[in-house]
file start.cif (mmCIF, C-alpha atoms)
data_input
loop_
_atom_site.group_PDB
_atom_site.id
_atom_site.type_symbol
_atom_site.label_atom_id
_atom_site.label_comp_id
_atom_site.auth_asym_id
_atom_site.auth_seq_id
_atom_site.Cartn_x
_atom_site.Cartn_y
_atom_site.Cartn_z
ATOM 1 C CA MET A 1 74.861 -24.197 179.142
ATOM 2 C CA ASN A 2 76.950 -26.529 177.014
ATOM 3 C CA THR A 3 76.008 -24.520 173.946
ATOM 4 C CA GLU A 4 77.296 -21.321 175.534
ATOM 5 C CA ARG A 5 80.612 -22.935 176.471
ATOM 6 C CA LEU A 6 80.911 -24.401 172.998
ATOM 7 C CA ASN A 7 80.287 -20.952 171.469
ATOM 8 C CA LYS A 8 82.932 -19.425 173.776
ATOM 9 C CA TRP A 9 85.470 -21.930 172.458
ATOM 10 C CA LEU A 10 84.416 -21.861 168.837
ATOM 11 C CA SER A 11 84.283 -18.082 168.512
ATOM 12 C CA PRO A 12 88.021 -17.491 169.220
ATOM 13 C CA LEU A 13 88.929 -20.501 167.069
ATOM 14 C CA ALA A 14 86.863 -19.095 164.211
ATOM 15 C CA ASN A 15 88.612 -15.729 164.616
ATOM 16 C CA VAL A 16 92.008 -17.447 164.510
ATOM 17 C CA GLY A 17 90.867 -19.277 161.386
ATOM 18 C CA VAL A 18 89.836 -16.003 159.733
ATOM 19 C CA VAL A 19 93.187 -14.374 160.589
ATOM 20 C CA ALA A 20 95.079 -17.431 159.309
ATOM 21 C CA GLY A 21 93.051 -17.299 156.088
ATOM 22 C CA ILE A 22 93.889 -13.632 155.600
ATOM 23 C CA VAL A 23 97.593 -14.306 156.187
ATOM 24 C CA ILE A 24 97.540 -17.136 153.651
ATOM 25 C CA LEU A 25 95.719 -14.920 151.154
ATOM 26 C CA VAL A 26 98.316 -12.131 151.581
ATOM 27 C CA LEU A 27 101.135 -14.631 151.055
ATOM 28 C CA GLU A 28 99.471 -15.989 147.919
ATOM 29 C CA VAL A 29 98.977 -12.470 146.514
ATOM 30 C CA ARG A 30 102.660 -11.688 147.137
ATOM 31 C CA GLN A 31 103.706 -14.931 145.503
ATOM 32 C CA THR A 32 101.492 -14.201 142.497
ATOM 33 C CA ASN A 33 102.969 -10.701 142.252
ATOM 34 C CA GLU A 34 106.520 -12.089 142.343
ATOM 35 C CA LEU A 35 105.623 -14.644 139.698
ATOM 36 C CA THR A 36 104.148 -11.913 137.491
ATOM 37 C CA MET A 37 107.317 -9.827 137.910
ATOM 38 C CA ALA A 38 109.469 -12.835 136.987
ATOM 39 C CA GLN A 39 107.321 -13.489 133.896
ATOM 40 C CA ILE A 40 107.693 -9.862 132.811
ATOM 41 C CA GLU A 41 111.472 -10.050 133.212
ATOM 42 C CA GLN A 42 111.567 -13.331 131.298
ATOM 43 C CA SER A 43 109.434 -11.872 128.526
ATOM 44 C CA ARG A 44 111.764 -8.874 128.254
ATOM 45 C CA SER A 45 114.781 -11.180 128.054
ATOM 46 C CA GLU A 46 113.116 -13.231 125.319
ATOM 47 C CA LEU A 47 112.357 -10.076 123.307
ATOM 48 C CA PHE A 48 115.985 -8.993 123.616
ATOM 49 C CA VAL A 49 117.230 -12.386 122.426
ATOM 50 C CA GLN A 50 114.722 -12.402 119.548
ATOM 51 C CA TRP A 51 115.872 -8.961 118.411
ATOM 52 C CA HIS A 52 119.489 -10.090 118.355
ATOM 53 C CA GLN A 53 118.540 -13.257 116.514
ATOM 54 C CA GLN A 54 116.682 -11.190 113.913
ATOM 55 C CA THR A 55 119.716 -8.948 113.561
ATOM 56 C CA THR A 56 121.787 -12.033 112.833
ATOM 57 C CA THR A 57 119.417 -13.824 110.481
ATOM 58 C CA ASN A 58 117.464 -11.033 108.770
ATOM 59 C CA ASP A 59 118.893 -9.911 105.427
ATOM 60 C CA TYR A 60 118.041 -6.234 106.005
ATOM 61 C CA ILE A 61 118.721 -5.335 109.631
ATOM 62 C CA ALA A 62 122.486 -5.829 109.933
ATOM 63 C CA PRO A 63 123.363 -4.118 106.623
ATOM 64 C CA LEU A 64 121.142 -1.173 107.510
ATOM 65 C CA GLN A 65 122.644 -0.953 110.994
ATOM 66 C CA ALA A 66 126.143 -1.027 109.478
ATOM 67 C CA LYS A 67 125.252 1.751 107.038
ATOM 68 C CA ILE A 68 123.749 3.905 109.790
ATOM 69 C CA ARG A 69 126.748 3.257 112.033
ATOM 70 C CA GLN A 70 129.048 4.397 109.243
ATOM 71 C CA LEU A 71 126.996 7.562 108.687
ATOM 72 C CA ARG A 72 127.021 8.230 112.447
ATOM 73 C CA SER A 73 130.806 7.955 112.506
ATOM 74 C CA GLU A 74 131.014 11.065 110.337
ATOM 75 C CA TYR A 75 129.969 13.106 113.369
ATOM 76 C CA PRO A 76 132.316 13.751 116.262
ATOM 77 C CA ASN A 77 130.813 11.941 119.285
ATOM 78 C CA GLY A 78 128.173 10.343 116.998
ATOM 79 C CA LEU A 79 124.944 10.359 118.995
ATOM 80 C CA ASP A 80 126.763 10.431 122.322
ATOM 81 C CA ASP A 81 125.177 11.804 125.491
ATOM 82 C CA ASN A 82 127.675 14.674 125.411
ATOM 83 C CA VAL A 83 125.823 16.070 122.416
ATOM 84 C CA GLY A 84 122.669 18.082 123.171
ATOM 85 C CA THR A 85 119.177 16.767 122.557
ATOM 86 C CA GLN A 86 118.492 19.123 119.639
ATOM 87 C CA GLU A 87 121.804 18.228 118.010
ATOM 88 C CA ILE A 88 121.069 14.497 118.272
ATOM 89 C CA GLU A 89 117.658 15.038 116.656
ATOM 90 C CA LYS A 90 119.310 16.991 113.847
ATOM 91 C CA ARG A 91 122.002 14.364 113.300
ATOM 92 C CA VAL A 92 119.489 11.508 113.205
ATOM 93 C CA SER A 93 117.345 13.400 110.714
ATOM 94 C CA THR A 94 120.390 14.095 108.531
ATOM 95 C CA ILE A 95 121.549 10.478 108.683
ATOM 96 C CA LEU A 96 118.116 9.137 107.749
ATOM 97 C CA ALA A 97 117.873 11.606 104.858
ATOM 98 C CA GLN A 98 120.966 9.949 103.364
ATOM 99 C CA LEU A 99 119.224 6.570 103.179
ATOM 100 C CA ASP A 100 117.103 5.429 100.267
ATOM 101 C CA PRO A 101 113.312 5.508 100.859
ATOM 102 C CA VAL A 102 113.025 1.804 101.740
ATOM 103 C CA GLU A 103 115.955 2.057 104.154
ATOM 104 C CA GLN A 104 114.344 5.104 105.727
ATOM 105 C CA ILE A 105 111.158 3.141 106.429
ATOM 106 C CA ARG A 106 113.145 0.266 107.903
ATOM 107 C CA ALA A 107 115.293 2.586 109.985
ATOM 108 C CA GLU A 108 112.240 4.415 111.314
ATOM 109 C CA ALA A 109 110.669 1.081 112.251
ATOM 110 C CA MET A 110 113.872 -0.002 114.012
ATOM 111 C CA VAL A 111 114.073 3.263 115.916
ATOM 112 C CA THR A 112 110.426 3.412 116.937
ATOM 113 C CA ARG A 113 110.397 -0.267 117.942
ATOM 114 C CA GLY A 114 112.198 0.807 121.107
ATOM 115 C CA TYR A 115 109.603 3.496 121.765
ATOM 116 C CA TRP A 116 106.773 0.960 121.859
ATOM 117 C CA ASP A 117 108.792 -1.311 124.123
ATOM 118 C CA PHE A 118 109.431 1.535 126.563
ATOM 119 C CA GLU A 119 105.804 2.637 126.418
ATOM 120 C CA GLY A 120 104.702 -0.821 127.548
ATOM 121 C CA LEU A 121 107.301 -0.765 130.317
ATOM 122 C CA PHE A 122 106.088 2.645 131.468
ATOM 123 C CA PHE A 123 102.580 1.372 132.030
ATOM 124 C CA GLN A 124 103.900 -1.743 133.753
ATOM 125 C CA TYR A 125 105.925 0.577 135.998
ATOM 126 C CA ARG A 126 102.864 2.669 136.797
ATOM 127 C CA ARG A 127 100.995 -0.510 137.782
ATOM 128 C CA GLY A 128 103.808 -1.486 140.139
ATOM 129 C CA LEU A 129 105.068 -4.330 137.953
ATOM 130 C CA VAL A 130 108.480 -2.731 137.412
ATOM 131 C CA SER A 131 110.503 -1.698 140.443
ATOM 132 C CA ASP A 132 111.407 1.932 141.100
ATOM 133 C CA SER A 133 115.112 1.097 141.135
ATOM 134 C CA TYR A 134 114.962 -0.682 137.754
ATOM 135 C CA TRP A 135 112.944 2.175 136.267
ATOM 136 C CA ASN A 136 115.175 4.924 137.625
ATOM 137 C CA LYS A 137 118.539 3.244 137.041
ATOM 138 C CA ARG A 138 117.962 1.486 133.719
ATOM 139 C CA ILE A 139 114.800 2.519 131.928
ATOM 140 C CA ALA A 140 114.595 6.285 132.493
ATOM 141 C CA PRO A 141 118.236 6.844 131.396
ATOM 142 C CA ALA A 142 117.632 4.661 128.324
ATOM 143 C CA ILE A 143 114.543 6.707 127.435
ATOM 144 C CA ILE A 144 116.535 9.928 127.863
ATOM 145 C CA GLY A 145 119.127 8.538 125.448
ATOM 146 C CA GLN A 146 116.634 7.246 122.894
ATOM 147 C CA ALA A 147 114.005 10.004 122.848
ATOM 148 C CA PRO A 148 116.093 12.416 120.741
ATOM 149 C CA VAL A 149 116.626 9.594 118.256
ATOM 150 C CA TRP A 150 112.879 8.942 118.105
ATOM 151 C CA LYS A 151 112.237 12.620 117.539
ATOM 152 C CA GLY A 152 115.001 12.899 114.957
ATOM 153 C CA ALA A 153 113.534 10.002 113.002
ATOM 154 C CA LEU A 154 110.033 11.505 113.112
ATOM 155 C CA GLY A 155 110.682 15.128 112.278
ATOM 156 C CA GLY A 156 110.895 16.436 115.843
ATOM 157 C CA ARG A 157 107.913 14.605 117.301
ATOM 158 C CA LEU A 158 107.433 11.484 119.328
ATOM 159 C CA PRO A 159 105.513 8.495 117.942
ATOM 160 C CA GLY A 160 101.755 8.638 118.421
ATOM 161 C CA GLY A 161 101.684 6.634 121.608
ATOM 162 C CA ARG A 162 99.644 7.267 124.699
ATOM 163 C CA PRO A 163 99.806 10.878 125.898
ATOM 164 C CA GLU A 164 100.825 9.891 129.441
ATOM 165 C CA PHE A 165 103.964 8.206 128.138
ATOM 166 C CA ASN A 166 104.841 11.063 125.803
ATOM 167 C CA GLU A 167 104.461 13.476 128.734
ATOM 168 C CA GLU A 168 106.843 11.318 130.775
ATOM 169 C CA VAL A 169 109.330 11.243 127.895
ATOM 170 C CA GLU A 170 109.235 15.042 127.627
ATOM 171 C CA ARG A 171 109.646 15.351 131.407
ATOM 172 C CA LEU A 172 112.677 13.061 131.298
ATOM 173 C CA LEU A 173 114.154 15.047 128.417
ATOM 174 C CA ARG A 174 113.757 18.283 130.370
ATOM 175 C CA SER A 175 115.629 16.663 133.256
ATOM 176 C CA ARG A 176 118.505 15.893 130.862
ATOM 177 C CA ASP A 177 118.982 19.437 129.622
#
call {"tool": "encode", "arguments": {"input": "start.cif", "output": "structure tokens"}}
result
Amino acid sequence: MNTERLNKWLSPLANVGVVAGIVILVLEVRQTNELTMAQIEQSRSELFVQWHQQTTTNDYIAPLQAKIRQLRSEYPNGLDDNVGTQEIEKRVSTILAQLDPVEQIRAEAMVTRGYWDFEGLFFQYRRGLVSDSYWNKRIAPAIIGQAPVWKGALGGRLPGGRPEFNEEVERLLRSRD
């Protein structure tokens, strides 16, 4: 009889223990997710700072950027959003054609660097590691602005990244036009 009473008391306590364990596990998973998100944001910030540091200290980046900026200024509205996608592609292609071959390679690398960054962000977004609001308010508009530049630098095509990302880029471009 004592065993039955003990089981009656232990069974609900065990159930409470299981529920408490599940709650703790959920809280730990959320905390881990938040930590991962913070690490991603920190990593992005560090990349941004590194790029600006390279622009300052590298002997090739700033002069090339200045030359491209000067060539862009020859166009009304430069590469502004008010210019159509096809026109931006054409202008980028024309600007790059005015550079010497080494500058063209460097400029293409500078331009496509952003593509690879956005591709990584896209897959982080799809995994839920980038919020919808950040994607829709910051990243998607930036991709819409940069994609014609990528295409202009590469003869009308996107870099050879993953097809899912290129499909998303094309979808975003269609939404622009």
call {"tool": "residues_around", "arguments": {"input": "start.cif", "residues": "Ile61 in chain A", "least_positions_apart": "3", "cutoff": "10 Å", "atoms": "only C-alpha atoms", "output": "PyMOL selection string"}}
result
chain A and resi 51-52+54-58+64-67+103+106-107+110
call {"tool": "residues_around", "arguments": {"input": "start.cif", "residues": "Leu154 in chain A", "least_positions_apart": "3", "cutoff": "12 Å", "atoms": "all atoms listed in the file", "output": "JSON list (two decimals) with C-alpha atoms, in the coordinates of the input"}}
result
[["chain", "number", "residue", "atom", "x", "y", "z"],
["A", 89, "GLU", "CA", 117.66, 15.04, 116.66],
["A", 90, "LYS", "CA", 119.31, 16.99, 113.85],
["A", 92, "VAL", "CA", 119.49, 11.51, 113.20],
["A", 93, "SER", "CA", 117.34, 13.40, 110.71],
["A", 94, "THR", "CA", 120.39, 14.10, 108.53],
["A", 96, "LEU", "CA", 118.12, 9.14, 107.75],
["A", 97, "ALA", "CA", 117.87, 11.61, 104.86],
["A", 104, "GLN", "CA", 114.34, 5.10, 105.73],
["A", 105, "ILE", "CA", 111.16, 3.14, 106.43],
["A", 107, "ALA", "CA", 115.29, 2.59, 109.98],
["A", 108, "GLU", "CA", 112.24, 4.42, 111.31],
["A", 109, "ALA", "CA", 110.67, 1.08, 112.25],
["A", 111, "VAL", "CA", 114.07, 3.26, 115.92],
["A", 112, "THR", "CA", 110.43, 3.41, 116.94],
["A", 115, "TYR", "CA", 109.60, 3.50, 121.76],
["A", 147, "ALA", "CA", 114.00, 10.00, 122.85],
["A", 148, "PRO", "CA", 116.09, 12.42, 120.74],
["A", 149, "VAL", "CA", 116.63, 9.59, 118.26],
["A", 150, "TRP", "CA", 112.88, 8.94, 118.10],
["A", 151, "LYS", "CA", 112.24, 12.62, 117.54],
["A", 157, "ARG", "CA", 107.91, 14.60, 117.30],
["A", 158, "LEU", "CA", 107.43, 11.48, 119.33],
["A", 159, "PRO", "CA", 105.51, 8.49, 117.94],
["A", 160, "GLY", "CA", 101.76, 8.64, 118.42]]
call {"tool": "residues_around", "arguments": {"input": "start.cif", "residues": "Asp117 in chain A", "least_positions_apart": "5", "cutoff": "12 Å", "atoms": "all atoms listed in the file", "output": "ChimeraX atom specification"}}
result
/A:43-44,47-48,51,110-112,122-124,139,142-143,146,161,165
call {"tool": "atom_distance", "arguments": {"input": "start.cif", "atom1": "CA of Glu164 in chain A", "atom2": "CA of Ile88 in chain A"}}
result
23.6 Å
call {"tool": "atom_distance", "arguments": {"input": "start.cif", "atom1": "CA of Val29 in chain A", "atom2": "CA of Gln42 in chain A"}}
result
19.8 Å
call {"tool": "atom_distance", "arguments": {"input": "start.cif", "atom1": "CA of Arg174 in chain A", "atom2": "CA of Gly152 in chain A"}}
result
16.4 Å
call {"tool": "closest_residue", "arguments": {"input": "start.cif", "among": "A:Pro12, A:Gly145, A:Gly155, A:Gly84", "to": "Gly114 in chain A", "atoms": "only C-alpha atoms"}}
result
A:Gly145
call {"tool": "axis_aligned_box", "arguments": {"input": "start.cif", "around": "range 157-164 of chain A", "padding_each_side": "8 Å", "output": "AutoDock Vina command-line options"}}
result
--center_x 103.8 --center_y 10.6 --center_z 123.4 --size_x 24.3 --size_y 24.0 --size_z 28.1
call {"tool": "closest_residue", "arguments": {"input": "start.cif", "among": "A:Ser45, A:Gln98, A:Asn82, A:Asn166", "to": "Glu119 in chain A", "atoms": "all atoms listed in the file"}}
result
A:Asn166
call {"tool": "closest_residue", "arguments": {"input": "start.cif", "among": "A:Leu99, A:Gly21, A:Lys137, A:Val83", "to": "Pro63 in chain A", "atoms": "all atoms listed in the file"}}
result
A:Leu99
